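Asker: Please find run.txt (compact mmCIF, C-alpha atoms and all ligand atoms) on the next line:
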```txt
# COMPACT_ATOMS: atom_id res chain seq x y z
CA MET I 1 -9.97 30.46 -29.22
CA ALA I 2 -7.46 31.40 -31.97
CA SER I 3 -4.09 29.83 -31.33
CA PHE I 4 -0.51 30.92 -32.14
CA ASP I 5 3.06 29.80 -31.49
CA PHE I 6 3.90 33.23 -30.05
CA ILE I 7 1.89 36.17 -28.84
CA ILE I 8 3.94 39.35 -28.48
CA ILE I 9 2.40 42.14 -26.41
CA GLY I 10 3.56 45.64 -27.40
CA SER I 11 4.57 46.78 -30.89
CA GLY I 12 7.35 49.19 -29.95
CA ILE I 13 10.76 48.41 -31.39
CA LEU I 14 11.46 45.61 -28.91
CA GLY I 15 8.19 43.75 -29.42
CA THR I 16 8.19 44.21 -33.18
CA PHE I 17 11.71 42.84 -33.60
CA HIS I 18 10.90 39.84 -31.38
CA ALA I 19 7.89 39.23 -33.64
CA LEU I 20 10.08 39.55 -36.72
CA HIS I 21 12.60 36.97 -35.54
CA ALA I 22 9.82 34.54 -34.58
CA ALA I 23 8.27 35.06 -38.02
CA ARG I 24 11.59 34.48 -39.75
CA ALA I 25 11.77 31.13 -37.93
CA GLY I 26 8.42 30.23 -39.51
CA LYS I 27 6.37 30.58 -36.33
CA LYS I 28 2.75 31.70 -36.24
CA VAL I 29 2.79 35.07 -34.46
CA LEU I 30 0.20 37.47 -33.05
CA LEU I 31 1.53 40.99 -32.33
CA LEU I 32 -0.77 43.07 -30.10
CA GLU I 33 -0.69 46.85 -29.57
CA LYS I 34 -2.95 48.66 -27.11
CA ASP I 35 -2.97 51.97 -28.99
CA ASN I 36 -4.24 52.87 -32.44
CA ARG I 37 -0.57 52.79 -33.42
CA PRO I 38 2.61 52.73 -31.32
CA VAL I 39 3.16 56.25 -29.93
CA SER I 40 5.60 55.67 -27.09
CA ALA I 41 9.41 55.86 -26.87
CA THR I 42 9.84 54.18 -30.25
CA VAL I 43 8.37 57.17 -32.13
CA ARG I 44 9.60 59.95 -29.82
CA ASN I 45 13.36 59.44 -30.11
CA PHE I 46 16.20 60.70 -32.30
CA GLY I 47 16.42 57.62 -34.46
CA GLN I 48 20.16 57.47 -34.04
CA VAL I 49 21.44 53.91 -34.41
CA VAL I 50 24.80 54.26 -32.67
CA PRO I 51 26.49 51.04 -31.49
CA SER I 52 29.59 53.19 -30.88
CA GLY I 53 27.91 54.52 -27.72
CA LEU I 54 27.19 51.12 -26.18
CA GLY I 55 29.31 48.91 -23.97
CA GLY I 56 29.67 45.18 -23.40
CA ARG I 57 27.33 42.81 -25.25
CA TRP I 58 25.05 45.74 -26.25
CA TYR I 59 27.75 47.05 -28.57
CA GLN I 60 27.70 43.66 -30.34
CA TYR I 61 23.87 43.67 -30.50
CA GLY I 62 24.13 47.18 -31.95
CA ARG I 63 26.52 46.03 -34.66
CA ARG I 64 24.24 43.12 -35.53
CA SER I 65 21.31 45.56 -35.57
CA LEU I 66 23.09 47.66 -38.20
CA GLU I 67 23.28 44.57 -40.42
CA LEU I 68 19.62 43.72 -39.84
CA TYR I 69 18.42 47.29 -40.53
CA ARG I 70 20.39 47.34 -43.79
CA GLU I 71 19.15 43.90 -44.82
CA ILE I 72 15.51 44.92 -44.32
CA GLN I 73 16.05 48.28 -46.03
CA GLN I 74 17.16 46.44 -49.20
CA GLU I 75 13.77 44.74 -49.33
CA TYR I 76 11.48 47.44 -47.96
CA ASP I 77 11.95 51.13 -47.19
CA ILE I 78 12.10 51.46 -43.40
CA THR I 79 13.82 54.92 -43.64
CA VAL I 80 17.38 53.70 -43.04
CA ARG I 81 20.09 56.20 -44.03
CA GLN I 82 23.79 55.46 -43.61
CA ASN I 83 25.00 58.94 -42.67
CA GLY I 84 27.42 58.21 -39.83
CA SER I 85 27.81 59.50 -36.28
CA VAL I 86 30.19 62.24 -35.18
CA TYR I 87 31.20 62.74 -31.54
CA VAL I 88 32.53 66.28 -31.20
CA ALA I 89 35.01 66.74 -28.33
CA SER I 90 35.14 70.21 -26.77
CA ASP I 91 38.00 69.93 -24.27
CA ALA I 92 41.11 67.94 -23.48
CA ASP I 93 39.31 65.35 -21.32
CA GLU I 94 36.69 64.60 -23.96
CA TRP I 95 39.35 64.46 -26.67
CA ALA I 96 41.37 61.97 -24.59
CA LEU I 97 38.27 59.75 -24.26
CA ALA I 98 37.58 60.07 -28.00
CA ASN I 99 41.13 58.91 -28.75
CA GLU I 100 40.84 55.99 -26.33
CA LEU I 101 37.55 54.81 -27.81
CA TYR I 102 39.02 55.17 -31.29
CA ASP I 103 41.85 52.78 -30.32
CA ARG I 104 39.42 50.27 -28.83
CA ARG I 105 37.03 50.27 -31.76
CA ARG I 106 39.78 50.15 -34.33
CA ALA I 107 41.26 47.17 -32.49
CA ASP I 108 38.03 45.24 -32.92
CA GLY I 109 37.65 46.15 -36.55
CA TYR I 110 34.77 48.62 -36.25
CA PRO I 111 35.21 51.35 -38.89
CA CYS I 112 36.05 54.69 -37.25
CA GLU I 113 38.07 57.84 -37.91
CA LEU I 114 39.61 60.60 -35.81
CA TRP I 115 39.17 64.04 -37.36
CA SER I 116 41.25 67.09 -36.52
CA LYS I 117 39.53 70.37 -35.70
CA VAL I 118 40.12 71.55 -39.28
CA GLN I 119 38.64 68.38 -40.80
CA THR I 120 35.64 68.52 -38.46
CA LEU I 121 34.87 72.15 -39.29
CA ALA I 122 35.31 71.49 -43.02
CA THR I 123 32.61 68.80 -42.96
CA TYR I 124 30.41 70.51 -40.35
CA PRO I 125 30.80 74.27 -40.95
CA VAL I 126 27.81 74.87 -38.63
CA LEU I 127 29.94 73.87 -35.63
CA ARG I 128 31.51 76.74 -33.70
CA PRO I 129 35.32 76.77 -33.98
CA ASP I 130 35.70 77.69 -30.30
CA TYR I 131 33.77 74.52 -29.29
CA VAL I 132 35.57 71.94 -31.44
CA GLN I 133 38.77 70.14 -30.41
CA GLY I 134 38.30 67.28 -32.85
CA ALA I 135 35.85 64.50 -33.60
CA LEU I 136 35.51 60.74 -33.42
CA VAL I 137 33.56 59.51 -36.44
CA PHE I 138 31.75 56.24 -37.16
CA PRO I 139 30.96 56.46 -40.87
CA GLU I 140 28.90 53.26 -41.11
CA GLU I 141 26.35 54.10 -38.43
CA ILE I 142 22.81 54.89 -39.51
CA SER I 143 19.74 56.98 -38.86
CA VAL I 144 16.09 56.08 -39.06
CA GLU I 145 13.13 58.46 -39.01
CA PRO I 146 11.54 57.75 -35.63
CA ASP I 147 8.11 59.09 -36.59
CA GLN I 148 7.88 56.59 -39.48
CA MET I 149 10.23 53.68 -38.97
CA ILE I 150 8.12 51.46 -36.69
CA TYR I 151 5.05 51.81 -38.93
CA ARG I 152 7.12 50.79 -41.95
CA LEU I 153 8.67 47.92 -40.02
CA ILE I 154 5.23 46.63 -39.04
CA GLY I 155 4.23 47.06 -42.70
CA TYR I 156 7.23 44.96 -43.77
CA LEU I 157 6.47 42.32 -41.15
CA THR I 158 2.85 41.86 -42.10
CA THR I 159 3.47 42.09 -45.86
CA LYS I 160 6.38 39.68 -46.00
CA PHE I 161 5.20 37.12 -43.43
CA PRO I 162 1.69 35.69 -43.86
CA ASN I 163 2.31 33.85 -40.56
CA VAL I 164 2.06 37.18 -38.66
CA THR I 165 -1.16 38.81 -37.49
CA TYR I 166 -1.02 42.38 -36.20
CA ARG I 167 -3.80 43.83 -34.07
CA ASN I 168 -3.86 47.46 -32.91
CA ASN I 169 -6.40 48.88 -30.43
CA ALA I 170 -5.80 45.63 -28.58
CA ALA I 171 -4.96 46.36 -24.94
CA VAL I 172 -4.06 43.15 -23.15
CA VAL I 173 -5.51 43.19 -19.64
CA GLY I 174 -5.01 39.54 -18.66
CA CYS I 175 -2.24 37.05 -19.24
CA ALA I 176 -1.69 33.65 -17.62
CA SER I 177 0.48 30.60 -18.08
CA THR I 178 -1.32 27.29 -18.66
CA ALA I 179 -0.11 23.67 -18.65
CA ASP I 180 0.88 23.76 -22.32
CA GLY I 181 1.23 27.46 -23.11
CA ALA I 182 -0.41 30.73 -22.11
CA THR I 183 -3.58 32.74 -22.70
CA VAL I 184 -4.17 36.45 -23.07
CA GLN I 185 -7.32 38.50 -22.75
CA LEU I 186 -8.01 41.85 -24.40
CA ALA I 187 -9.95 44.70 -22.81
CA ASN I 188 -12.91 43.85 -25.09
CA GLY I 189 -13.00 40.29 -23.73
CA GLU I 190 -11.40 38.53 -26.74
CA ARG I 191 -9.05 35.72 -25.78
CA PHE I 192 -6.12 34.08 -27.58
CA GLN I 193 -3.71 31.30 -26.75
CA ALA I 194 -0.11 30.54 -27.63
CA GLY I 195 2.80 28.30 -26.77
CA LYS I 196 4.65 31.34 -25.42
CA VAL I 197 3.70 34.92 -24.62
CA LEU I 198 6.32 37.70 -24.61
CA ILE I 199 5.45 40.98 -22.93
CA CYS I 200 7.39 43.95 -24.37
CA ASN I 201 5.37 46.60 -22.58
CA GLY I 202 7.85 49.50 -22.58
CA SER I 203 6.98 51.74 -19.62
CA GLU I 204 3.34 50.59 -19.21
CA PHE I 205 3.28 48.90 -15.80
CA ARG I 206 -0.38 49.03 -14.80
CA LEU I 207 -2.20 46.71 -17.18
CA LEU I 208 -0.31 43.47 -16.54
CA PHE I 209 1.49 42.17 -13.45
CA PRO I 210 1.46 45.54 -11.62
CA ASP I 211 2.72 43.99 -8.36
CA LEU I 212 5.67 42.40 -10.11
CA PHE I 213 6.59 45.70 -11.77
CA ALA I 214 6.24 47.60 -8.48
CA GLN I 215 8.94 45.31 -7.03
CA SER I 216 11.06 45.18 -10.19
CA GLY I 217 13.44 48.07 -9.58
CA LEU I 218 12.45 49.46 -13.00
CA VAL I 219 12.48 53.24 -13.30
CA VAL I 220 11.09 55.48 -16.01
CA SER I 221 13.12 58.26 -17.55
CA LYS I 222 11.47 61.36 -19.01
CA LEU I 223 13.38 63.07 -21.83
CA GLN I 224 12.65 66.49 -23.32
CA MET I 225 13.06 66.98 -27.06
CA MET I 226 12.70 69.87 -29.53
CA GLN I 227 12.50 70.16 -33.29
CA THR I 228 13.31 73.26 -35.33
CA VAL I 229 11.41 74.41 -38.39
CA PRO I 230 12.80 72.97 -41.65
CA MET I 231 16.21 74.53 -42.34
CA PRO I 232 17.21 73.21 -45.77
CA GLU I 233 19.98 75.82 -45.89
CA ILE I 234 21.71 73.99 -42.99
CA ARG I 235 23.29 70.65 -43.79
CA LEU I 236 24.13 68.16 -41.07
CA PRO I 237 25.50 65.20 -43.04
CA GLY I 238 25.42 62.86 -40.00
CA ASN I 239 24.21 62.54 -36.43
CA ILE I 240 26.03 64.97 -34.13
CA LEU I 241 26.81 63.86 -30.59
CA THR I 242 28.73 66.28 -28.39
CA GLY I 243 31.08 66.59 -25.44
CA LEU I 244 28.37 65.90 -22.90
CA THR I 245 27.54 62.68 -24.77
CA ILE I 246 31.18 61.60 -24.53
CA ARG I 247 30.83 62.21 -20.80
CA ARG I 248 27.65 60.11 -20.63
CA TYR I 249 27.70 57.11 -22.97
CA GLU I 250 28.65 53.62 -21.74
CA SER I 251 31.35 53.01 -24.33
CA PHE I 252 33.40 55.95 -23.01
CA GLU I 253 32.93 54.72 -19.43
CA GLU I 254 34.93 51.64 -20.47
CA CYS I 255 37.92 53.83 -21.45
CA PRO I 256 40.89 54.21 -19.07
CA SER I 257 40.73 57.97 -18.46
CA TYR I 258 36.98 57.92 -17.64
CA ALA I 259 37.75 57.11 -13.98
CA ASN I 260 39.46 60.51 -13.56
CA LEU I 261 36.90 62.56 -15.48
CA GLN I 262 35.75 65.67 -13.58
CA THR I 263 32.70 67.82 -14.37
CA PRO I 264 33.73 71.43 -15.06
CA ASP I 265 31.61 74.08 -13.31
CA HIS I 266 29.94 75.30 -16.50
CA LEU I 267 28.48 71.79 -17.08
CA ALA I 268 27.25 71.16 -13.53
CA GLU I 269 23.66 72.43 -14.00
CA LEU I 270 23.34 70.52 -17.29
CA LYS I 271 24.55 67.35 -15.63
CA LYS I 272 22.03 67.80 -12.84
CA TRP I 273 19.22 67.58 -15.41
CA GLY I 274 20.89 64.70 -17.27
CA ILE I 275 21.34 66.91 -20.31
CA HIS I 276 23.58 65.99 -23.22
CA VAL I 277 23.12 67.73 -26.52
CA LEU I 278 22.51 65.83 -29.75
CA PHE I 279 21.48 67.06 -33.20
CA LYS I 280 19.78 65.03 -35.89
CA GLN I 281 18.53 66.46 -39.17
CA ALA I 282 15.23 64.95 -40.32
CA LEU I 283 14.37 64.38 -43.97
CA ASP I 284 12.46 67.69 -44.24
CA GLY I 285 15.54 69.66 -43.12
CA SER I 286 14.27 70.29 -39.59
CA ILE I 287 16.70 69.53 -36.77
CA ILE I 288 15.83 67.47 -33.70
CA ILE I 289 17.63 68.74 -30.59
CA GLY I 290 17.69 67.10 -27.16
CA ASP I 291 17.77 65.82 -24.50
CA SER I 292 17.41 65.75 -20.70
CA HIS I 293 16.71 62.95 -18.22
CA GLU I 294 14.47 62.92 -15.12
CA TYR I 295 13.57 59.73 -13.27
CA ALA I 296 10.72 58.13 -11.31
CA THR I 297 10.10 54.62 -10.01
CA ALA I 298 7.66 52.27 -11.77
CA THR I 299 4.84 53.13 -9.35
CA GLN I 300 5.41 56.92 -9.42
CA THR I 301 5.69 57.67 -13.14
CA ASP I 302 2.90 60.29 -12.97
CA ASP I 303 5.26 62.42 -10.88
CA LEU I 304 7.27 63.06 -14.05
CA GLY I 305 4.42 65.23 -15.32
CA PHE I 306 2.83 65.53 -18.75
CA ASP I 307 4.31 68.93 -19.54
CA THR I 308 7.74 69.99 -20.71
CA ASN I 309 9.77 72.22 -18.42
CA ASP I 310 10.83 75.36 -20.29
CA TYR I 311 13.79 75.92 -17.96
CA VAL I 312 15.21 72.55 -19.08
CA ASN I 313 14.60 73.34 -22.77
CA GLN I 314 16.38 76.66 -22.34
CA LEU I 315 19.36 74.92 -20.71
CA ILE I 316 19.56 72.57 -23.70
CA LEU I 317 19.34 75.46 -26.18
CA GLN I 318 21.91 77.51 -24.27
CA GLU I 319 24.41 74.65 -24.58
CA ALA I 320 23.38 74.11 -28.22
CA ARG I 321 24.28 77.76 -28.97
CA ARG I 322 27.77 77.11 -27.62
CA ILE I 323 28.14 74.22 -30.11
CA VAL I 324 26.53 75.34 -33.39
CA ASP I 325 25.84 78.70 -35.00
CA PHE I 326 22.53 78.06 -36.74
CA PRO I 327 19.41 79.57 -35.09
CA VAL I 328 18.55 76.77 -32.67
CA ASP I 329 15.63 78.68 -31.17
CA ARG I 330 13.48 78.45 -34.31
CA ILE I 331 11.62 75.61 -32.60
CA GLN I 332 8.39 74.31 -34.16
CA ARG I 333 7.56 71.66 -31.56
CA THR I 334 8.63 70.19 -28.26
CA TRP I 335 7.70 66.91 -26.64
CA ALA I 336 8.56 64.51 -23.85
CA GLY I 337 9.48 60.86 -24.33
CA PHE I 338 9.52 58.18 -21.65
CA TYR I 339 11.40 54.92 -21.48
CA ALA I 340 11.84 52.20 -18.88
CA GLN I 341 15.27 51.27 -17.62
CA THR I 342 16.92 49.13 -14.98
CA THR I 343 20.34 48.85 -13.41
CA GLN I 344 20.60 45.31 -14.88
CA GLU I 345 20.96 46.23 -18.58
CA ILE I 346 17.43 44.96 -19.35
CA PHE I 347 14.54 43.59 -17.27
CA GLU I 348 13.58 39.96 -17.89
CA ALA I 349 11.17 37.78 -15.90
CA ASP I 350 10.16 34.23 -16.82
CA LEU I 351 6.74 33.19 -15.49
CA ASP I 352 6.51 29.67 -16.98
CA ASN I 353 5.29 30.30 -20.53
CA VAL I 354 4.99 34.07 -20.09
CA HIS I 355 8.18 36.07 -20.51
CA ILE I 356 8.57 39.76 -19.75
CA VAL I 357 11.27 41.74 -21.61
CA THR I 358 11.42 45.48 -21.06
CA GLY I 359 13.59 48.26 -19.65
CA ILE I 360 16.04 48.41 -22.55
CA GLY I 361 16.59 52.08 -21.60
CA GLY I 362 18.12 54.57 -24.01
CA LYS I 363 19.58 51.93 -26.32
CA GLY I 364 16.45 50.45 -27.87
CA MET I 365 16.64 51.89 -31.38
CA THR I 366 20.28 50.82 -31.58
CA SER I 367 20.23 47.34 -30.12
CA SER I 368 16.70 45.85 -30.19
CA ALA I 369 17.07 44.19 -33.59
CA GLY I 370 20.21 42.28 -32.59
CA PHE I 371 19.19 41.66 -28.99
CA SER I 372 15.79 40.22 -29.99
CA GLU I 373 17.42 37.85 -32.45
CA GLU I 374 19.61 36.45 -29.66
CA ASN I 375 16.80 36.45 -27.10
CA MET I 376 14.36 34.59 -29.38
CA LYS I 377 16.84 31.69 -29.56
CA ARG I 378 15.78 30.87 -25.97
CA PHE I 379 12.25 30.22 -27.13
CA LEU I 380 12.57 28.68 -30.60
C1 LIG I 401 13.44 61.15 -26.36
C2 LIG I 401 14.09 59.82 -26.60
C3 LIG I 401 15.22 59.75 -27.43
C4 LIG I 401 15.82 58.50 -27.68
N1 LIG I 401 16.81 58.42 -28.62
C5 LIG I 401 17.30 57.18 -28.96
C6 LIG I 401 18.25 57.05 -30.00
O1 LIG I 401 18.59 58.01 -30.70
N2 LIG I 401 18.81 55.83 -30.21
C7 LIG I 401 18.44 54.72 -29.49
O2 LIG I 401 19.00 53.64 -29.70
N3 LIG I 401 17.44 54.80 -28.57
C8 LIG I 401 16.88 55.99 -28.27
N4 LIG I 401 15.90 56.09 -27.33
C9 LIG I 401 15.45 54.86 -26.63
C10 LIG I 401 14.43 54.09 -27.45
O3 LIG I 401 13.48 54.95 -28.00
C11 LIG I 401 13.77 53.04 -26.53
O4 LIG I 401 14.79 52.22 -25.97
C12 LIG I 401 12.82 52.12 -27.26
O5 LIG I 401 11.94 52.83 -28.09
C13 LIG I 401 12.01 51.26 -26.27
O6 LIG I 401 11.20 50.41 -27.03
P1 LIG I 401 10.13 49.45 -26.37
O7 LIG I 401 9.54 48.65 -27.46
O8 LIG I 401 10.76 48.73 -25.22
O9 LIG I 401 9.05 50.42 -25.68
P2 LIG I 401 7.89 51.35 -26.28
O10 LIG I 401 8.34 52.12 -27.44
O11 LIG I 401 7.37 52.10 -25.10
O12 LIG I 401 6.81 50.33 -26.79
C14 LIG I 401 6.00 49.55 -25.91
C15 LIG I 401 4.67 49.32 -26.61
O13 LIG I 401 3.93 48.34 -25.87
C16 LIG I 401 2.56 48.74 -25.89
N5 LIG I 401 1.91 48.11 -24.74
C17 LIG I 401 2.28 48.21 -23.44
N6 LIG I 401 1.45 47.46 -22.66
C18 LIG I 401 0.56 46.89 -23.48
C19 LIG I 401 -0.56 46.02 -23.27
N7 LIG I 401 -0.89 45.58 -22.04
N8 LIG I 401 -1.29 45.62 -24.35
C20 LIG I 401 -0.95 46.02 -25.59
N9 LIG I 401 0.10 46.86 -25.85
C21 LIG I 401 0.84 47.28 -24.81
C22 LIG I 401 2.64 50.25 -25.79
O14 LIG I 401 1.43 50.87 -26.23
C23 LIG I 401 3.83 50.57 -26.69
O15 LIG I 401 3.44 50.81 -28.04
C24 LIG I 401 15.30 57.32 -27.06
C25 LIG I 401 14.17 57.41 -26.24
C26 LIG I 401 13.56 58.64 -26.02
C27 LIG I 401 12.32 58.69 -25.17
```
Starting from the coordinates I provided, produce the structure as structure tokens.

Answerer:
Amino acid sequence: MASFDFIIIGSGILGTFHALHAARAGKKVLLLEKDNRPVSATVRNFGQVVPSGLGGRWYQYGRRSLELYREIQQEYDITVRQNGSVYVASDADEWALANELYDRRRADGYPCELWSKVQTLATYPVLRPDYVQGALVFPEEISVEPDQMIYRLIGYLTTKFPNVTYRNNAAVVGCASTADGATVQLANGERFQAGKVLICNGSEFRLLFPDLFAQSGLVVSKLQMMQTVPMPEIRLPGNILTGLTIRRYESFEECPSYANLQTPDHLAELKKWGIHVLFKQALDGSIIIGDSHEYATATQTDDLGFDTNDYVNQLILQEARRIVDFPVDRIQRTWAGFYAQTTQEIFEADLDNVHIVTGIGGKGMTSSAGFSEENMKRFL
């Protein structure tokens, strides 16, 4: 049986970065992916790397992730662009939160700017003047192209580190701790062993330890996304996050006036569907618009459905029309993405030499690189 220091199950962003940090430490690593290529949350997202939206230790992991993304980009093109993030406030409450977060981030030396309405509209003329109060800007934050980044990152990992083996079409259906390590078994019967096995299974709860996941408190969130046709005539220099995002992201929850924040009537239906509106221009000029959030427990994920709900997409587009004045309904595709989340920041279970790490929620593209570096220290 082939033997490794680490076997990592799941080549989404979380598994791949754990593999990378193990490889950097000189360990012999096997990274296993059940699908032909990863097609889950890691390729279905916006690709906004925005530590500014995170709270607590996740903000620090996000900042470290920015450094790691940039470091790798210097060696190998993983689609990193430093184009900044812009939170556009639309009313007095959101503007107050933007000012409070600005003070906090400035105090800890994280580059940020507050733009007046005039400055915001000068840089983003596609924004509607009647929406904008002002903007909080993080010029050093980055974007990646979600439909390419993970494939490039796996390419970097396997090219740079001869101590890494990557296997796709390798669904792991058995995993057990042994006296001196752990073994895994693939669906085709192949078996491997390692000192440690890390399971970074995203929202797949049926192949391994289904009883544990049923009791885990993990839930799955379904998000609806849309992408316009290429619009090279429109220029969005950075990632646009909007008033509803200010009302939703953890970092703003840590600000003093958040406790008194009320939801105005015109946002109530959007809030019910977990909608906040974000815009991200892809390299071909198309614009990704989203998103919404619906939830199901780990055992009931099928209830979320495989379709996208047009009513929800129309709610997103209706709000988008209030924010920007380009033709947001020139949609070329829509999709749903699913991620696992927990009320405990992330789900971790240690079963002797088998360690489960999943449920990073909506912060995986931003914080996985830095979090995995810290988490691997437990095992090295
Ligand atoms: C629509 C949407 C928008 C988002 N936008 C952002 C954003 O802009 N910024 C941000 O920071 N985050 C964003 N996120 C969150 C981010 O995408 C996730 O946090 C992250 O991708 C989760 O990564 P993961 O590796 O845990 O899971 P996944 O991407 O689900 O990867 C898990 C992998 O494990 C494999 N696997 C599972 N079980 C097995 C098994 N038994 N054997 C072999 N392989 C297995 C799966 O096939 C899969 O490839 C968004 C998410 C969505 C859905």

Asker: Kindly indicate which residue among I:Gly10, I:Pro146, I:Gly53, I:Gly47 lies nearest to Thr242 of chain I, using all atoms listed in the file for the distances.

Answerer: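 Distance minimum relative to Thr242 of chain I lands on I:Gly53.
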
Asker: Name each residue within 6 Å of ligand LIG 401 (chain I), counting all atoms listed in the file, as an MDAnalysis selection string.

Answerer: chainID I and resid 9:15 32:35 38:42 44:49 170:173 200:204 207:208 223 225 337:339 358 360:366

Asker: Can you tell me, as a PyMOL selection string, what residues are no more than 12 Å from Pro111 of chain I when counting all atoms listed in the file, ignoring any on the same chain fewer than 3 positions away?

Answerer: chain I and resi 51-52+63+84-85+101-108+114+136-141

Asker: Report the closest atom pair, with its distance in Å rounded to one decimal, for each residue of segment 78-170 of chain I that has an atom no farther than 10 Å from segment 320-329 of chain I; count all atoms listed in the file, sort by chain and then rising residue number, and write it as CSV.

Answerer:
```
residue,atom,partner,partner_atom,distance
I:Val88,CA,I:Ile323,CA,9.1
I:Ser90,CA,I:Ile323,CA,8.7
I:Tyr124,CA,I:Val324,CA,9.3
I:Pro125,CA,I:Val324,CA,8.7
I:Val126,CA,I:Val324,CA,5.4
I:Leu127,CA,I:Val324,CA,4.3
I:Arg128,CA,I:Val324,CA,5.2
I:Pro129,CA,I:Ile323,CA,8.5
I:Asp130,CA,I:Ile323,CA,8.3
I:Tyr131,CA,I:Ile323,CA,5.7
I:Val132,CA,I:Ile323,CA,7.9
```

Asker: Quick one: residues within 10 Å of Asn353 of chain I, all atoms listed in the file, excluding same-chain residues fewer than 5 positions away - as a list in words?

Answerer: Ala176, Ser177, Thr178, Ala179, Asp180, Gly181, Ala182, Thr183, Ala194, Gly195, Lys196, Val197, Leu198 and Phe379 of chain I

Asker: Find, counting only C-alpha atoms, the residue in I:Leu68, I:Ile199, I:Leu31, I:Leu97 that gets nearest to Val354 of chain I.

Answerer: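 Closest to Val354 of chain I, using only C-alpha atoms: I:Ile199.
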
Asker: Using all atoms listed in the file, which of the listed residues (I:Ala23, I:Ala122, I:Phe6, I:Ala214) sits closest to Thr159 of chain I?

Answerer: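 Between I:Ala23, I:Ala122, I:Phe6, I:Ala214, the residue approaching Thr159 of chain I most closely is I:Ala23.
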
Asker: Quick one: of I:Val80, I:Ala96, I:Ala282, I:Leu315, who's nearest to Asn260 of chain I, counting only C-alpha atoms?

Answerer: I:Ala96

Asker: Do you know which residues are at most 10 Å from Thr334 of chain I counting only C-alpha atoms, after dropping those on the same chain fewer than 4 positions away, and could you put them as an NGL selection string?

Answerer: :I and (224-228 or 288-290 or 307-308 or 310 or 313)

Asker: May I have the selected residues written with C-alpha atoms, as a compact mmCIF listing (two decimals), in the coordinates of the input?

Answerer:
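Final output, saved to again.txt:
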```
# COMPACT_ATOMS: atom_id res chain seq x y z
CA GLN I 224 12.65 66.49 -23.32
CA MET I 225 13.06 66.98 -27.06
CA MET I 226 12.70 69.87 -29.53
CA GLN I 227 12.50 70.16 -33.29
CA THR I 228 13.31 73.26 -35.33
CA ILE I 288 15.83 67.47 -33.70
CA ILE I 289 17.63 68.74 -30.59
CA GLY I 290 17.69 67.10 -27.16
CA ASP I 307 4.31 68.93 -19.54
CA THR I 308 7.74 69.99 -20.71
CA ASP I 310 10.83 75.36 -20.29
CA ASN I 313 14.60 73.34 -22.77
```

Asker: Of the residues I:Val184, I:Met149, I:Val277, I:Leu317, which is the one nearest to Val43 of chain I, using all atoms listed in the file?

Answerer: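 For Val43 of chain I, the nearest of the candidates is I:Met149.
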
Asker: Which polymer residues have any atom within 10 Å of an atom of Val312 of chain I, counting all atoms listed in the file, with same-chain residues fewer than 6 positions away left out, as a list in words?

Answerer: Gln224, Met225, Glu269, Leu270, Trp273, Gly274, Ile275, Asp291, Ser292, His293 and Gln318 of chain I

Asker: Please report the interatomic distance between atom CA of Gly359 of chain I and atom CA of Tyr61 of chain I in Å with one decimal.

Answerer: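 One can read the atom CA of Gly359 of chain I to atom CA of Tyr61 of chain I distance as 15.6 Å.
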
Asker: In the coordinate frame of the file, compute which residues have an atom within 12 Å of (14.5, 30.2, -29.8) when using all atoms listed in the file, and state them as a compact mmCIF listing (two decimals) with C-alpha atoms, in the coordinates of the input.

Answerer:
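Saved as point_1.txt:
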```txt
# COMPACT_ATOMS: atom_id res chain seq x y z
CA ASP I 5 3.06 29.80 -31.49
CA PHE I 6 3.90 33.23 -30.05
CA HIS I 18 10.90 39.84 -31.38
CA ALA I 19 7.89 39.23 -33.64
CA HIS I 21 12.60 36.97 -35.54
CA ALA I 22 9.82 34.54 -34.58
CA ALA I 23 8.27 35.06 -38.02
CA ARG I 24 11.59 34.48 -39.75
CA ALA I 25 11.77 31.13 -37.93
CA GLY I 26 8.42 30.23 -39.51
CA LYS I 27 6.37 30.58 -36.33
CA LYS I 196 4.65 31.34 -25.42
CA SER I 372 15.79 40.22 -29.99
CA GLU I 373 17.42 37.85 -32.45
CA GLU I 374 19.61 36.45 -29.66
CA ASN I 375 16.80 36.45 -27.10
CA MET I 376 14.36 34.59 -29.38
CA LYS I 377 16.84 31.69 -29.56
CA ARG I 378 15.78 30.87 -25.97
CA PHE I 379 12.25 30.22 -27.13
CA LEU I 380 12.57 28.68 -30.60
```

Asker: With all atoms listed in the file as the basis for distance, which of I:Glu67, I:Glu75, I:Thr301, I:Lys117 is at the shortest distance from Phe205 of chain I?

Answerer: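 Nearest to Phe205 of chain I: I:Thr301.
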
Asker: One decimal, in Å: what's the spacing between atom CA of Gln82 of chain I and atom CA of Ile150 of chain I?

Answerer: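 Spanning atom CA of Gln82 of chain I to atom CA of Ile150 of chain I is a straight-line distance of 17.6 Å.
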
Asker: To one decimal place, how far is atom CA of Asn99 of chain I from atom CA of Ile240 of chain I in Å?

Answerer: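 Separation of atom CA of Asn99 of chain I and atom CA of Ile240 of chain I: 17.1 Å.
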
Asker: Neighbouring residues of Ala298 of chain I were defined as those with any atom within 10 Å, considering all atoms listed in the file; residues of the same chain fewer than 6 positions away were excluded. Please report them as a list in words.

Answerer: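 Surrounding residues, per the criterion: Ser203, Glu204, Phe205, Arg206, Pro210, Phe213, Ala214, Gln215, Ser216, Gly217, Leu218, Val219, Val220, Ser221, Ala340 and Gln341 of chain I.
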